[in-house]
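Asker: Input file: target.txt. Contents: compact mmCIF, C-alpha atoms and all ligand atoms.
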# COMPACT_ATOMS: atom_id res chain seq x y z
CA MET X 843 80.33 125.52 77.78
CA ALA X 844 82.66 124.65 80.67
CA ASN X 845 86.17 123.63 79.68
CA LEU X 846 87.57 120.13 80.17
CA ARG X 847 89.36 121.00 83.40
CA GLN X 848 86.18 122.36 84.98
CA LEU X 849 84.22 119.28 83.87
CA PHE X 850 87.01 117.04 85.24
CA LEU X 851 86.51 118.58 88.69
CA GLN X 852 82.74 118.57 88.37
CA HIS X 853 82.09 115.04 87.16
CA LEU X 854 85.11 112.81 87.76
CA ALA X 855 85.40 111.19 91.16
CA GLN X 856 88.48 112.62 92.84
CA THR X 857 91.09 110.59 94.72
CA SER X 858 92.70 113.61 96.39
CA ALA X 859 92.21 117.33 96.83
CA THR X 860 95.27 118.07 94.72
CA PRO X 861 95.11 116.32 91.33
CA LEU X 862 97.91 117.21 88.89
CA MET X 863 95.30 118.56 86.43
CA LEU X 864 97.56 118.29 83.41
CA GLU X 865 95.47 117.96 80.25
CA ILE X 866 96.88 115.37 77.87
CA GLU X 867 96.08 115.50 74.18
CA ARG X 868 98.32 112.72 72.89
CA ALA X 869 101.32 110.59 73.81
CA GLU X 870 104.17 109.05 71.84
CA GLY X 871 107.34 107.28 72.94
CA MET X 872 108.86 109.07 75.93
CA TYR X 873 106.54 112.07 75.71
CA LEU X 874 103.07 113.22 76.73
CA TYR X 875 101.72 116.29 74.92
CA ALA X 876 99.35 118.96 76.25
CA PRO X 877 96.97 120.91 74.00
CA GLY X 878 99.07 123.57 72.29
CA GLY X 879 101.90 121.08 71.91
CA LYS X 880 103.92 121.42 75.14
CA ALA X 881 105.89 118.17 75.52
CA TYR X 882 106.45 116.43 78.85
CA LEU X 883 109.16 113.80 79.23
CA ASP X 884 107.56 110.93 81.15
CA LEU X 885 109.88 109.91 83.96
CA ILE X 886 107.32 107.67 85.72
CA ALA X 887 105.79 105.64 82.86
CA GLY X 888 102.22 106.05 84.12
CA ILE X 889 103.43 104.51 87.44
CA GLY X 890 105.34 101.56 86.12
CA VAL X 891 103.18 100.86 83.07
CA SER X 892 104.65 102.08 79.79
CA CYS X 893 107.87 99.98 79.67
CA LEU X 894 108.13 100.45 75.90
CA GLY X 895 107.02 104.06 76.04
CA HIS X 896 103.65 105.33 74.86
CA ARG X 897 101.93 103.86 71.81
CA HIS X 898 104.79 101.61 70.76
CA PRO X 899 104.24 100.85 67.03
CA GLN X 900 104.30 97.05 67.52
CA VAL X 901 101.76 97.28 70.33
CA ILE X 902 99.50 99.55 68.29
CA GLU X 903 99.78 97.17 65.32
CA ALA X 904 98.79 94.19 67.49
CA ILE X 905 95.85 96.09 68.99
CA THR X 906 94.69 97.20 65.54
CA ALA X 907 94.91 93.67 64.16
CA GLN X 908 92.89 92.30 67.09
CA LEU X 909 90.25 95.05 66.69
CA GLY X 910 89.60 93.64 63.22
CA LYS X 911 88.90 90.15 64.63
CA TYR X 912 86.91 90.23 67.90
CA LEU X 913 86.60 92.10 71.18
CA HIS X 914 84.87 90.42 74.13
CA THR X 915 83.40 87.03 73.32
CA LEU X 916 82.57 85.19 76.56
CA VAL X 917 83.62 85.26 80.22
CA TYR X 918 87.23 84.28 80.89
CA GLY X 919 88.14 80.61 80.70
CA GLU X 920 85.55 79.18 78.27
CA PHE X 921 86.54 79.90 74.66
CA VAL X 922 89.96 79.19 73.12
CA LEU X 923 91.22 82.66 72.19
CA ALA X 924 94.53 82.91 70.37
CA PRO X 925 95.83 86.15 72.02
CA GLN X 926 95.29 84.66 75.51
CA VAL X 927 96.75 81.27 74.67
CA ARG X 928 99.80 82.66 72.85
CA LEU X 929 100.52 85.13 75.66
CA ALA X 930 100.20 82.43 78.33
CA GLU X 931 102.47 80.11 76.34
CA LEU X 932 105.15 82.80 75.84
CA LEU X 933 105.05 83.75 79.52
CA ALA X 934 105.33 80.10 80.59
CA ARG X 935 108.30 79.64 78.23
CA HIS X 936 110.20 82.44 79.98
CA LEU X 937 109.26 81.44 83.53
CA PRO X 938 110.52 78.50 85.63
CA ASP X 939 108.71 75.19 84.89
CA THR X 940 106.67 75.47 88.08
CA LEU X 941 105.07 78.72 86.95
CA ASN X 942 103.17 77.33 84.01
CA SER X 943 99.51 78.09 84.66
CA ILE X 944 98.30 81.63 84.12
CA PHE X 945 95.06 83.19 85.29
CA PHE X 946 94.47 86.50 83.51
CA VAL X 947 92.69 89.35 85.28
CA ASN X 948 92.27 93.08 84.64
CA SER X 949 94.52 94.79 87.19
CA GLY X 950 97.13 94.44 89.89
CA ALA X 951 94.67 94.42 92.76
CA GLU X 952 92.72 91.62 91.09
CA ALA X 953 95.91 89.60 90.73
CA THR X 954 96.49 90.01 94.49
CA GLU X 955 92.89 89.01 95.27
CA GLY X 956 93.14 85.94 93.06
CA ALA X 957 96.40 84.85 94.68
CA MET X 958 94.95 85.23 98.19
CA LYS X 959 91.94 83.08 97.31
CA LEU X 960 94.10 80.51 95.53
CA ALA X 961 96.46 80.21 98.53
CA LYS X 962 93.55 79.78 100.96
CA ARG X 963 91.84 77.21 98.74
CA HIS X 964 95.06 75.25 98.10
CA THR X 965 96.40 75.16 101.68
CA GLY X 966 93.09 75.07 103.57
CA ARG X 967 94.51 77.83 105.80
CA TYR X 968 93.33 81.43 106.08
CA GLU X 969 96.18 83.48 107.56
CA VAL X 970 98.13 85.69 105.16
CA ALA X 971 101.37 87.49 105.95
CA ALA X 972 102.43 90.69 104.19
CA CYS X 973 105.22 93.17 104.72
CA LYS X 974 104.78 96.55 106.32
CA LYS X 975 104.87 99.45 103.84
CA ALA X 976 104.12 97.15 100.92
CA TYR X 977 101.38 98.01 98.44
CA HIS X 978 99.36 95.28 96.74
CA GLY X 979 96.22 97.16 95.63
CA SER X 980 93.20 99.02 97.01
CA THR X 981 90.37 96.46 96.87
CA GLN X 982 89.34 95.16 100.30
CA GLY X 983 91.41 91.97 100.34
CA ALA X 984 94.50 93.70 98.97
CA ALA X 985 93.94 96.70 101.26
CA SER X 986 93.90 94.32 104.26
CA LEU X 987 97.56 93.70 103.49
CA MET X 988 98.35 97.40 103.77
CA TRP X 989 100.25 98.82 106.72
CA PRO X 990 100.43 101.58 108.09
CA LYS X 991 96.75 101.44 108.98
CA ASP X 992 96.17 105.21 108.36
CA PHE X 993 95.37 104.23 104.78
CA THR X 994 92.79 101.59 105.72
CA GLN X 995 91.34 102.49 109.15
CA ALA X 996 88.32 104.22 107.61
CA PHE X 997 87.37 100.98 105.84
CA HIS X 998 87.62 98.51 108.73
CA PRO X 999 86.75 95.77 109.33
CA LEU X 1000 88.81 94.29 106.50
CA LEU X 1001 90.00 90.67 106.28
CA PRO X 1002 90.78 88.76 109.49
CA GLY X 1003 93.97 86.71 109.82
CA ILE X 1004 96.41 89.18 108.27
CA ARG X 1005 99.85 89.37 109.86
CA HIS X 1006 102.04 92.37 109.04
CA ILE X 1007 105.72 91.47 109.19
CA GLU X 1008 108.84 93.61 108.81
CA TYR X 1009 110.44 93.48 105.37
CA ASN X 1010 114.08 92.37 105.33
CA SER X 1011 113.78 91.10 108.91
CA GLU X 1012 114.72 87.65 110.27
CA GLU X 1013 112.27 88.16 113.13
CA GLY X 1014 109.47 88.67 110.62
CA LEU X 1015 110.26 85.28 109.09
CA GLN X 1016 109.53 83.58 112.43
CA GLN X 1017 105.96 84.94 112.28
CA ILE X 1018 105.36 82.70 109.27
CA THR X 1019 103.92 79.47 110.69
CA GLU X 1020 102.05 76.27 109.80
CA ARG X 1021 98.88 78.36 109.94
CA THR X 1022 100.07 80.75 107.17
CA ALA X 1023 98.41 80.19 103.79
CA ALA X 1024 100.56 82.69 101.93
CA VAL X 1025 103.26 85.28 102.35
CA ILE X 1026 102.85 88.13 99.89
CA VAL X 1027 105.97 90.20 99.28
CA GLU X 1028 107.13 92.67 96.65
CA THR X 1029 110.44 91.39 95.28
CA VAL X 1030 111.64 95.00 95.58
CA GLN X 1031 109.45 97.17 97.82
CA GLY X 1032 108.31 100.02 95.57
CA GLU X 1033 105.97 102.39 97.38
CA TRP X 1034 108.23 102.53 100.43
CA GLY X 1035 110.65 104.35 98.12
CA ILE X 1036 112.54 101.50 96.40
CA ARG X 1037 113.87 99.05 99.00
CA PRO X 1038 115.65 96.09 97.40
CA PRO X 1039 115.85 92.89 99.47
CA ALA X 1040 118.82 92.58 101.86
CA ASP X 1041 121.44 89.96 100.95
CA GLY X 1042 120.00 86.49 101.49
CA TYR X 1043 116.54 87.74 102.64
CA LEU X 1044 114.49 86.32 99.78
CA GLN X 1045 116.34 82.99 99.98
CA LYS X 1046 115.56 82.76 103.73
CA LEU X 1047 111.95 83.75 103.06
CA ARG X 1048 111.72 81.02 100.40
CA ARG X 1049 113.11 78.46 102.87
CA ARG X 1050 110.73 79.50 105.65
CA CYS X 1051 107.73 79.23 103.31
CA THR X 1052 108.83 75.75 102.20
CA GLU X 1053 109.36 74.66 105.84
CA THR X 1054 105.91 75.83 106.94
CA GLY X 1055 103.96 74.95 103.78
CA ALA X 1056 103.00 78.61 103.21
CA LEU X 1057 102.85 79.65 99.56
CA LEU X 1058 105.33 82.36 98.60
CA VAL X 1059 103.62 85.03 96.49
CA LEU X 1060 105.93 87.56 94.82
CA ASP X 1061 104.29 90.77 93.68
CA GLU X 1062 106.11 92.02 90.58
CA ILE X 1063 103.23 94.19 89.48
CA GLN X 1064 105.42 97.28 89.46
CA ALA X 1065 108.82 95.58 89.07
CA GLY X 1066 107.53 93.49 86.21
CA TYR X 1067 108.85 93.27 82.73
CA GLY X 1068 112.43 94.35 82.93
CA ARG X 1069 112.41 97.40 85.18
CA THR X 1070 114.95 95.93 87.62
CA GLY X 1071 117.29 94.69 84.88
CA ALA X 1072 115.82 91.19 84.54
CA LEU X 1073 112.57 90.22 82.83
CA PHE X 1074 111.33 89.07 86.26
CA ALA X 1075 113.07 90.58 89.30
CA PHE X 1076 113.12 87.29 91.26
CA GLU X 1077 115.45 85.75 88.64
CA GLN X 1078 118.26 87.84 90.17
CA TYR X 1079 117.90 86.18 93.57
CA GLY X 1080 117.96 82.51 92.60
CA ILE X 1081 114.51 81.70 93.99
CA THR X 1082 111.14 80.80 92.50
CA PRO X 1083 107.84 81.92 94.04
CA ASP X 1084 104.81 79.61 94.25
CA ILE X 1085 102.66 82.38 92.82
CA LEU X 1086 103.79 85.38 90.76
CA LEU X 1087 101.73 88.57 90.35
CA LEU X 1088 101.98 90.72 87.22
CA ALA X 1089 100.02 93.69 85.85
CA LYS X 1090 100.94 97.30 84.98
CA GLY X 1091 103.92 96.96 82.57
CA MET X 1092 102.70 93.73 81.00
CA GLY X 1093 99.95 95.33 78.88
CA GLY X 1094 102.02 97.93 77.02
CA GLY X 1095 99.44 100.53 78.11
CA MET X 1096 96.36 98.28 78.10
CA PRO X 1097 94.74 96.99 81.32
CA ILE X 1098 95.69 93.43 82.19
CA GLY X 1099 97.04 91.47 85.16
CA ALA X 1100 97.83 87.87 85.99
CA PHE X 1101 98.48 85.51 88.85
CA ILE X 1102 100.66 82.61 87.88
CA ALA X 1103 101.26 79.28 89.65
CA SER X 1104 101.93 75.63 88.87
CA ARG X 1105 99.18 73.61 87.19
CA ASP X 1106 98.86 71.62 90.40
CA VAL X 1107 98.30 74.64 92.65
CA MET X 1108 96.14 76.54 90.13
CA GLY X 1109 94.04 73.42 89.61
CA SER X 1110 92.46 73.99 93.05
CA LEU X 1111 90.44 76.85 91.60
CA SER X 1112 88.59 74.65 89.11
CA PHE X 1113 86.64 72.47 91.58
CA ASP X 1114 85.03 72.62 95.06
CA PRO X 1115 83.47 74.93 94.08
CA VAL X 1116 83.39 74.89 90.30
CA LEU X 1117 83.57 78.53 89.07
CA GLY X 1118 84.82 79.65 92.51
CA HIS X 1119 86.93 82.39 90.95
CA ILE X 1120 85.70 83.96 87.73
CA THR X 1121 85.95 87.22 85.77
CA THR X 1122 84.08 88.61 82.78
CA PHE X 1123 86.81 90.73 81.23
CA GLY X 1124 89.97 89.09 82.62
CA GLY X 1125 92.40 88.47 79.75
CA HIS X 1126 90.49 90.70 77.32
CA PRO X 1127 91.59 89.75 73.78
CA VAL X 1128 92.77 93.29 72.93
CA SER X 1129 94.75 93.56 76.18
CA CYS X 1130 96.26 90.12 75.59
CA ALA X 1131 97.24 91.05 72.02
CA ALA X 1132 98.91 94.22 73.36
CA ALA X 1133 100.62 92.25 76.15
CA LEU X 1134 101.88 89.62 73.71
CA ALA X 1135 103.35 92.33 71.43
CA THR X 1136 104.90 94.04 74.48
CA LEU X 1137 106.61 90.87 75.66
CA GLU X 1138 107.77 89.89 72.16
CA THR X 1139 109.15 93.39 71.52
CA LEU X 1140 110.97 93.46 74.85
CA LEU X 1141 112.48 90.04 74.26
CA GLN X 1142 113.62 90.96 70.73
CA SER X 1143 115.24 94.18 71.96
CA SER X 1144 118.24 94.77 74.19
CA LEU X 1145 116.26 97.16 76.43
CA ILE X 1146 116.47 94.94 79.51
CA GLN X 1147 120.23 94.48 79.04
CA GLN X 1148 120.61 98.28 78.93
CA VAL X 1149 118.80 98.86 82.23
CA LYS X 1150 121.84 98.60 84.53
CA ALA X 1151 123.93 101.06 82.47
CA LYS X 1152 121.05 103.56 82.44
CA GLU X 1153 120.60 103.10 86.20
CA LYS X 1154 124.33 103.78 86.67
CA LEU X 1155 124.06 107.01 84.68
CA PHE X 1156 121.15 108.22 86.85
CA LEU X 1157 123.16 107.42 89.98
CA GLU X 1158 126.26 109.21 88.67
CA LEU X 1159 124.29 112.31 87.73
CA LEU X 1160 122.00 112.56 90.76
CA ARG X 1161 124.50 114.06 93.18
CA HIS X 1162 123.80 117.13 95.29
CA PRO X 1163 124.42 118.06 98.94
CA ALA X 1164 120.64 118.40 99.49
CA ILE X 1165 120.04 114.78 98.42
CA VAL X 1166 119.74 112.63 101.56
CA GLU X 1167 119.94 109.26 99.78
CA VAL X 1168 119.39 107.67 96.38
CA ARG X 1169 118.06 104.08 96.30
CA SER X 1170 117.55 102.10 93.12
CA ALA X 1171 116.72 98.77 91.54
CA GLY X 1172 117.38 99.19 87.82
CA LEU X 1173 115.33 101.92 86.17
CA TRP X 1174 113.44 102.41 89.41
CA VAL X 1175 115.01 105.14 91.49
CA ALA X 1176 114.06 107.02 94.66
CA VAL X 1177 115.78 110.34 95.38
CA GLU X 1178 115.26 111.11 99.05
CA LEU X 1179 115.13 114.82 99.93
CA GLU X 1180 114.70 116.45 103.30
CA SER X 1181 110.93 117.02 103.31
CA PHE X 1182 107.67 116.46 101.45
CA GLU X 1183 107.54 120.21 100.80
CA THR X 1184 110.92 120.08 99.00
CA VAL X 1185 109.78 117.05 96.96
CA GLN X 1186 106.56 118.84 95.99
CA ALA X 1187 108.46 121.99 94.98
CA VAL X 1188 110.90 119.94 92.85
CA ILE X 1189 108.00 118.05 91.21
CA ARG X 1190 106.32 121.38 90.36
CA HIS X 1191 109.62 122.77 89.02
CA CYS X 1192 110.03 119.67 86.81
CA LEU X 1193 106.46 119.94 85.55
CA ASP X 1194 106.99 123.58 84.54
CA ALA X 1195 110.14 122.50 82.67
CA GLY X 1196 108.27 119.67 80.90
CA LEU X 1197 109.27 116.69 83.06
CA ILE X 1198 106.87 114.38 84.89
CA THR X 1199 107.99 112.92 88.23
CA ASP X 1200 106.14 111.91 91.39
CA TRP X 1201 106.60 110.78 95.00
CA PHE X 1202 105.80 107.43 96.65
CA LEU X 1203 102.70 106.36 98.59
CA PHE X 1204 104.63 105.40 101.75
CA ASN X 1205 107.56 107.75 101.28
CA GLU X 1206 106.60 111.34 100.56
CA ARG X 1207 110.16 112.58 100.96
CA SER X 1208 111.38 110.68 97.91
CA LEU X 1209 111.13 111.67 94.28
CA ARG X 1210 110.03 108.82 91.98
CA ILE X 1211 111.98 107.99 88.82
CA ALA X 1212 110.67 105.01 86.84
CA PRO X 1213 110.84 105.92 83.15
CA PRO X 1214 109.96 103.80 80.14
CA LEU X 1215 112.92 101.50 79.45
CA ILE X 1216 113.37 103.21 76.06
CA ILE X 1217 114.73 106.38 77.71
CA THR X 1218 117.96 107.52 76.00
CA GLU X 1219 121.22 108.70 77.55
CA GLU X 1220 120.51 112.23 76.32
CA GLN X 1221 117.06 112.21 77.92
CA ILE X 1222 118.51 110.91 81.21
CA ARG X 1223 121.08 113.74 81.21
CA TRP X 1224 118.41 116.35 80.48
CA ALA X 1225 116.01 114.99 83.11
CA CYS X 1226 118.70 114.85 85.81
CA GLY X 1227 119.72 118.42 84.92
CA VAL X 1228 116.14 119.63 85.46
CA ILE X 1229 115.82 117.71 88.75
CA LEU X 1230 119.13 119.09 90.04
CA GLU X 1231 118.06 122.63 89.09
CA GLY X 1232 114.92 122.11 91.19
CA ILE X 1233 116.91 120.68 94.09
CA GLU X 1234 119.37 123.60 93.88
CA LYS X 1235 116.45 126.02 93.98
CA TYR X 1236 114.28 124.39 96.68
CA GLY X 1237 116.53 121.99 98.62
CA SER X 1238 118.45 123.48 101.50
N1 LIG X 1301 101.08 95.78 93.62
C1 LIG X 1301 102.01 96.73 93.44
C2 LIG X 1301 103.43 96.44 93.81
C3 LIG X 1301 101.67 97.98 92.91
O1 LIG X 1301 102.60 98.92 92.75
C4 LIG X 1301 100.31 98.21 92.56
C5 LIG X 1301 99.90 99.51 92.02
O2 LIG X 1301 100.55 100.51 92.18
C6 LIG X 1301 99.37 97.19 92.75
C7 LIG X 1301 99.80 95.98 93.28
C8 LIG X 1301 97.92 97.40 92.40
O3 LIG X 1301 97.76 97.46 91.01
P1 LIG X 1301 96.45 98.13 90.37
O4 LIG X 1301 96.54 99.60 90.61
O5 LIG X 1301 96.51 97.75 88.93
O6 LIG X 1301 95.29 97.52 91.07
Please go through the file and, once you have read it, give me the structure as structure tokens.
Answerer:
Amino acid sequence: MANLRQLFLQHLAQTSATPLMLEIERAEGMYLYAPGGKAYLDLIAGIGVSCLGHRHPQVIEAITAQLGKYLHTLVYGEFVLAPQVRLAELLARHLPDTLNSIFFVNSGAEATEGAMKLAKRHTGRYEVAACKKAYHGSTQGAASLMWPKDFTQAFHPLLPGIRHIEYNSEEGLQQITERTAAVIVETVQGEWGIRPPADGYLQKLRRRCTETGALLVLDEIQAGYGRTGALFAFEQYGITPDILLLAKGMGGGMPIGAFIASRDVMGSLSFDPVLGHITTFGGHPVSCAAALATLETLLQSSLIQQVKAKEKLFLELLRHPAIVEVRSAGLWVAVELESFETVQAVIRHCLDAGLITDWFLFNERSLRIAPPLIITEEQIRWACGVILEGIEKYGS
């Protein structure tokens, strides 16, 4: 009988020629465990997912309780289901008044797709602007927003009417016009290797959208739920988007996403045509129960308040002549090294030592650090020690 790793290569569709191939037997808190018991400290939280760590007891309790009641009942939006309603109400209570209508989906890409359709339907326009080197998902609408085109060329034609603007650029703002239905921007650009907005940029972007009637869509799918030091990253910039995108971290390890707007804007999706945007599994009761427990647990804890101090510790520790630059936005850090080869060698060194890191989709020279928010000071010190050892060994 072939072993699991052989069967993985034989029967699972591959997304690259070089999968990590680490077999995981179980996960708990900050750690993933391989068969035989080797522990790996998770410094990337499943790419921005496990804010509370793996299998947080309150999340597991909520999932277990929901399993005893019902799973799927009917397509999204028909039955009154307590986990969905309670989650929507709690989210609305912690968001500005104008973000009070929540459409649950299954993933980040679906949240992007929903927002694009909503903006087109609401404004009657079809052009959408997105920033270069932003990532909003891999489905065809979301992939249309992707630039550089190397990632999408093989799948053209994608959506017409997409304008790629420079992030943090005044010139880019002038490309937003009365024909623009929506501008989709990550509050902090993640996959470009953590690029926070320049001073005043988001405020100017907000103003330009208001002037032109374009809807401002902020993608906090990866920033979401505390990673940047605020529950929602946009809170730190004194602006409110017209549509907010969430996924990843919101489910505590279960698949869920959402696009959120005002009742007025969201209302456009319920007529002309009726059922113009629907989903079978969106807002699955078990995912909603997990997401509700995740949000409640985060709000009851001081984890978000601790983010800035933990970020500071990373920045203090991550010093080495071979480090080109360190950029950060809370517990979301990019360590830029001189080449992809160095980054790969450091990642492999970390893995051997029991530490999981990664690089970024649009920045292969940067090492990704985005741990669960529960990471302790001791774990930060240990992880930085291992990374520095790798940099000392492979950086020049
Ligand atoms: N938006 C951002 C900022 C992301 O980082 C991602 C995923 O990495 C997505 C959207 C797409 O989310 P999903 O992979 O759940 O479709």
Asker: Measuring between all atoms listed in the file, which one of X:His978, X:Arg1169, X:His1006, X:Lys1152 shows the shortest distance to ligand LIG 1301 (chain X)?
Answerer: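 When distances to ligand LIG 1301 (chain X) are compared using all atoms listed in the file, the smallest one comes from X:His978.
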Asker: Could the residues of chain X that have an atom at most 10 Å from ligand LIG 1301 (chain X) be listed as JSON lines, each with its closest atom pair and the distance in Å to one decimal, counting only C-alpha atoms and all ligand atoms and ordered by chain and ascending residue number?
Answerer:
{"residue": "X:Gly888", "atom": "CA", "partner": "X:LIG1301", "partner_atom": "O2", "distance": 9.9}
{"residue": "X:Ile889", "atom": "CA", "partner": "X:LIG1301", "partner_atom": "O2", "distance": 6.8}
{"residue": "X:Gly890", "atom": "CA", "partner": "X:LIG1301", "partner_atom": "O1", "distance": 7.6}
{"residue": "X:Val891", "atom": "CA", "partner": "X:LIG1301", "partner_atom": "O5", "distance": 9.4}
{"residue": "X:Val947", "atom": "CA", "partner": "X:LIG1301", "partner_atom": "O5", "distance": 9.9}
{"residue": "X:Asn948", "atom": "CA", "partner": "X:LIG1301", "partner_atom": "O5", "distance": 7.6}
{"residue": "X:Ser949", "atom": "CA", "partner": "X:LIG1301", "partner_atom": "O5", "distance": 4.0}
{"residue": "X:Gly950", "atom": "CA", "partner": "X:LIG1301", "partner_atom": "O3", "distance": 3.3}
{"residue": "X:Ala951", "atom": "CA", "partner": "X:LIG1301", "partner_atom": "O6", "distance": 3.6}
{"residue": "X:Glu952", "atom": "CA", "partner": "X:LIG1301", "partner_atom": "O6", "distance": 6.4}
{"residue": "X:Ala953", "atom": "CA", "partner": "X:LIG1301", "partner_atom": "C7", "distance": 7.9}
{"residue": "X:Thr954", "atom": "CA", "partner": "X:LIG1301", "partner_atom": "C7", "distance": 6.9}
{"residue": "X:Glu955", "atom": "CA", "partner": "X:LIG1301", "partner_atom": "O6", "distance": 9.8}
{"residue": "X:Ala976", "atom": "CA", "partner": "X:LIG1301", "partner_atom": "C2", "distance": 7.2}
{"residue": "X:Tyr977", "atom": "CA", "partner": "X:LIG1301", "partner_atom": "C1", "distance": 5.2}
{"residue": "X:His978", "atom": "CA", "partner": "X:LIG1301", "partner_atom": "C7", "distance": 3.6}
{"residue": "X:Gly979", "atom": "CA", "partner": "X:LIG1301", "partner_atom": "C8", "distance": 3.7}
{"residue": "X:Ser980", "atom": "CA", "partner": "X:LIG1301", "partner_atom": "O6", "distance": 6.5}
{"residue": "X:Thr981", "atom": "CA", "partner": "X:LIG1301", "partner_atom": "O6", "distance": 7.7}
{"residue": "X:Ala984", "atom": "CA", "partner": "X:LIG1301", "partner_atom": "C7", "distance": 8.1}
{"residue": "X:Ala985", "atom": "CA", "partner": "X:LIG1301", "partner_atom": "C8", "distance": 9.7}
{"residue": "X:Val1027", "atom": "CA", "partner": "X:LIG1301", "partner_atom": "C2", "distance": 8.7}
{"residue": "X:Glu1028", "atom": "CA", "partner": "X:LIG1301", "partner_atom": "C2", "distance": 6.0}
{"residue": "X:Thr1029", "atom": "CA", "partner": "X:LIG1301", "partner_atom": "C2", "distance": 8.8}
{"residue": "X:Val1030", "atom": "CA", "partner": "X:LIG1301", "partner_atom": "C2", "distance": 8.5}
{"residue": "X:Gln1031", "atom": "CA", "partner": "X:LIG1301", "partner_atom": "C2", "distance": 7.3}
{"residue": "X:Gly1032", "atom": "CA", "partner": "X:LIG1301", "partner_atom": "C2", "distance": 6.3}
{"residue": "X:Glu1033", "atom": "CA", "partner": "X:LIG1301", "partner_atom": "O1", "distance": 6.7}
{"residue": "X:Leu1060", "atom": "CA", "partner": "X:LIG1301", "partner_atom": "C2", "distance": 9.3}
{"residue": "X:Asp1061", "atom": "CA", "partner": "X:LIG1301", "partner_atom": "C2", "distance": 5.7}
{"residue": "X:Glu1062", "atom": "CA", "partner": "X:LIG1301", "partner_atom": "C2", "distance": 6.1}
{"residue": "X:Ile1063", "atom": "CA", "partner": "X:LIG1301", "partner_atom": "C1", "distance": 4.9}
{"residue": "X:Gln1064", "atom": "CA", "partner": "X:LIG1301", "partner_atom": "O1", "distance": 4.6}
{"residue": "X:Ala1065", "atom": "CA", "partner": "X:LIG1301", "partner_atom": "C2", "distance": 7.2}
{"residue": "X:Gly1066", "atom": "CA", "partner": "X:LIG1301", "partner_atom": "C2", "distance": 9.1}
{"residue": "X:Leu1087", "atom": "CA", "partner": "X:LIG1301", "partner_atom": "N1", "distance": 7.9}
{"residue": "X:Leu1088", "atom": "CA", "partner": "X:LIG1301", "partner_atom": "N1", "distance": 8.2}
{"residue": "X:Ala1089", "atom": "CA", "partner": "X:LIG1301", "partner_atom": "O5", "distance": 6.2}
{"residue": "X:Lys1090", "atom": "CA", "partner": "X:LIG1301", "partner_atom": "O5", "distance": 6.0}
{"residue": "X:Gly1091", "atom": "CA", "partner": "X:LIG1301", "partner_atom": "O5", "distance": 9.8}
{"residue": "X:Pro1097", "atom": "CA", "partner": "X:LIG1301", "partner_atom": "O5", "distance": 7.9}
{"residue": "X:Ile1098", "atom": "CA", "partner": "X:LIG1301", "partner_atom": "O5", "distance": 8.0}
{"residue": "X:Gly1099", "atom": "CA", "partner": "X:LIG1301", "partner_atom": "O5", "distance": 7.3}
{"residue": "X:Phe1202", "atom": "CA", "partner": "X:LIG1301", "partner_atom": "O2", "distance": 9.8}
{"residue": "X:Leu1203", "atom": "CA", "partner": "X:LIG1301", "partner_atom": "O2", "distance": 8.9}
Asker: For Ser943 (chain X), which of X:Gly1068, X:Gly1109, X:Gly1055, X:Pro999 is the closest residue, counting only C-alpha atoms?
Answerer: X:Gly1109
Asker: Could you work out how far CA of Glu867 (chain X) lies from CA of His1191 (chain X), giving the answer in Å with one decimal?
Answerer: 21.4 Å
Asker: Would you list the contacts of region 957-963 of chain X as an mmCIF file with C-alpha atoms, in the coordinates of the input, taking every protein, DNA or RNA residue within 6 Å and counting all atoms listed in the file, but skipping same-chain residues closer than 4 positions in sequence?
Answerer:
data_model
loop_
_atom_site.group_PDB
_atom_site.id
_atom_site.type_symbol
_atom_site.label_atom_id
_atom_site.label_comp_id
_atom_site.auth_asym_id
_atom_site.auth_seq_id
_atom_site.Cartn_x
_atom_site.Cartn_y
_atom_site.Cartn_z
ATOM 1 C CA ARG X 967 94.510 77.830 105.800
ATOM 2 C CA TYR X 968 93.330 81.430 106.080
ATOM 3 C CA ALA X 1023 98.410 80.190 103.790
ATOM 4 C CA ALA X 1024 100.560 82.690 101.930
#
Asker: Would you compute the distance between CA of Ala1176 (chain X) and CA of Arg1210 (chain X)? Give it in Å to one decimal.
Answerer: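 Interatomic distance here is 5.2 Å.
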Asker: Could you give me, as a compact mmCIF listing (two decimals) with C-alpha atoms, in the coordinates of the input, the residues within 12 Å of Met863 (chain X), counting all atoms listed in the file and dropping anything in the same chain fewer than 4 positions from it?
Answerer:
# COMPACT_ATOMS: atom_id res chain seq x y z
CA LEU X 846 87.57 120.13 80.17
CA ARG X 847 89.36 121.00 83.40
CA GLN X 848 86.18 122.36 84.98
CA LEU X 849 84.22 119.28 83.87
CA PHE X 850 87.01 117.04 85.24
CA LEU X 851 86.51 118.58 88.69
CA LEU X 854 85.11 112.81 87.76
CA GLN X 856 88.48 112.62 92.84
CA SER X 858 92.70 113.61 96.39
CA ALA X 859 92.21 117.33 96.83
CA ALA X 876 99.35 118.96 76.25
CA LEU X 1193 106.46 119.94 85.55
Asker: Rounded to one decimal place, report the CA of Ala1040 (chain X)-CA of Met988 (chain X) distance in Å.
Answerer: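 Spanning CA of Ala1040 (chain X) to CA of Met988 (chain X) is a straight-line distance of 21.1 Å.
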Asker: Mind running region 1194-1219 of chain X against region 1119-1141 of chain X at 12 Å and telling me each contacting residue's nearest atom pair with the distance in Å (one decimal), counting all atoms listed in the file, chain and number ascending, as a tab-separated table?
Answerer:
residue	atom	partner	partner_atom	distance
X:Pro1214	CA	X:Leu1140	CA	11.7
X:Leu1215	CA	X:Leu1140	CA	9.5
X:Ile1216	CA	X:Leu1140	CA	10.1
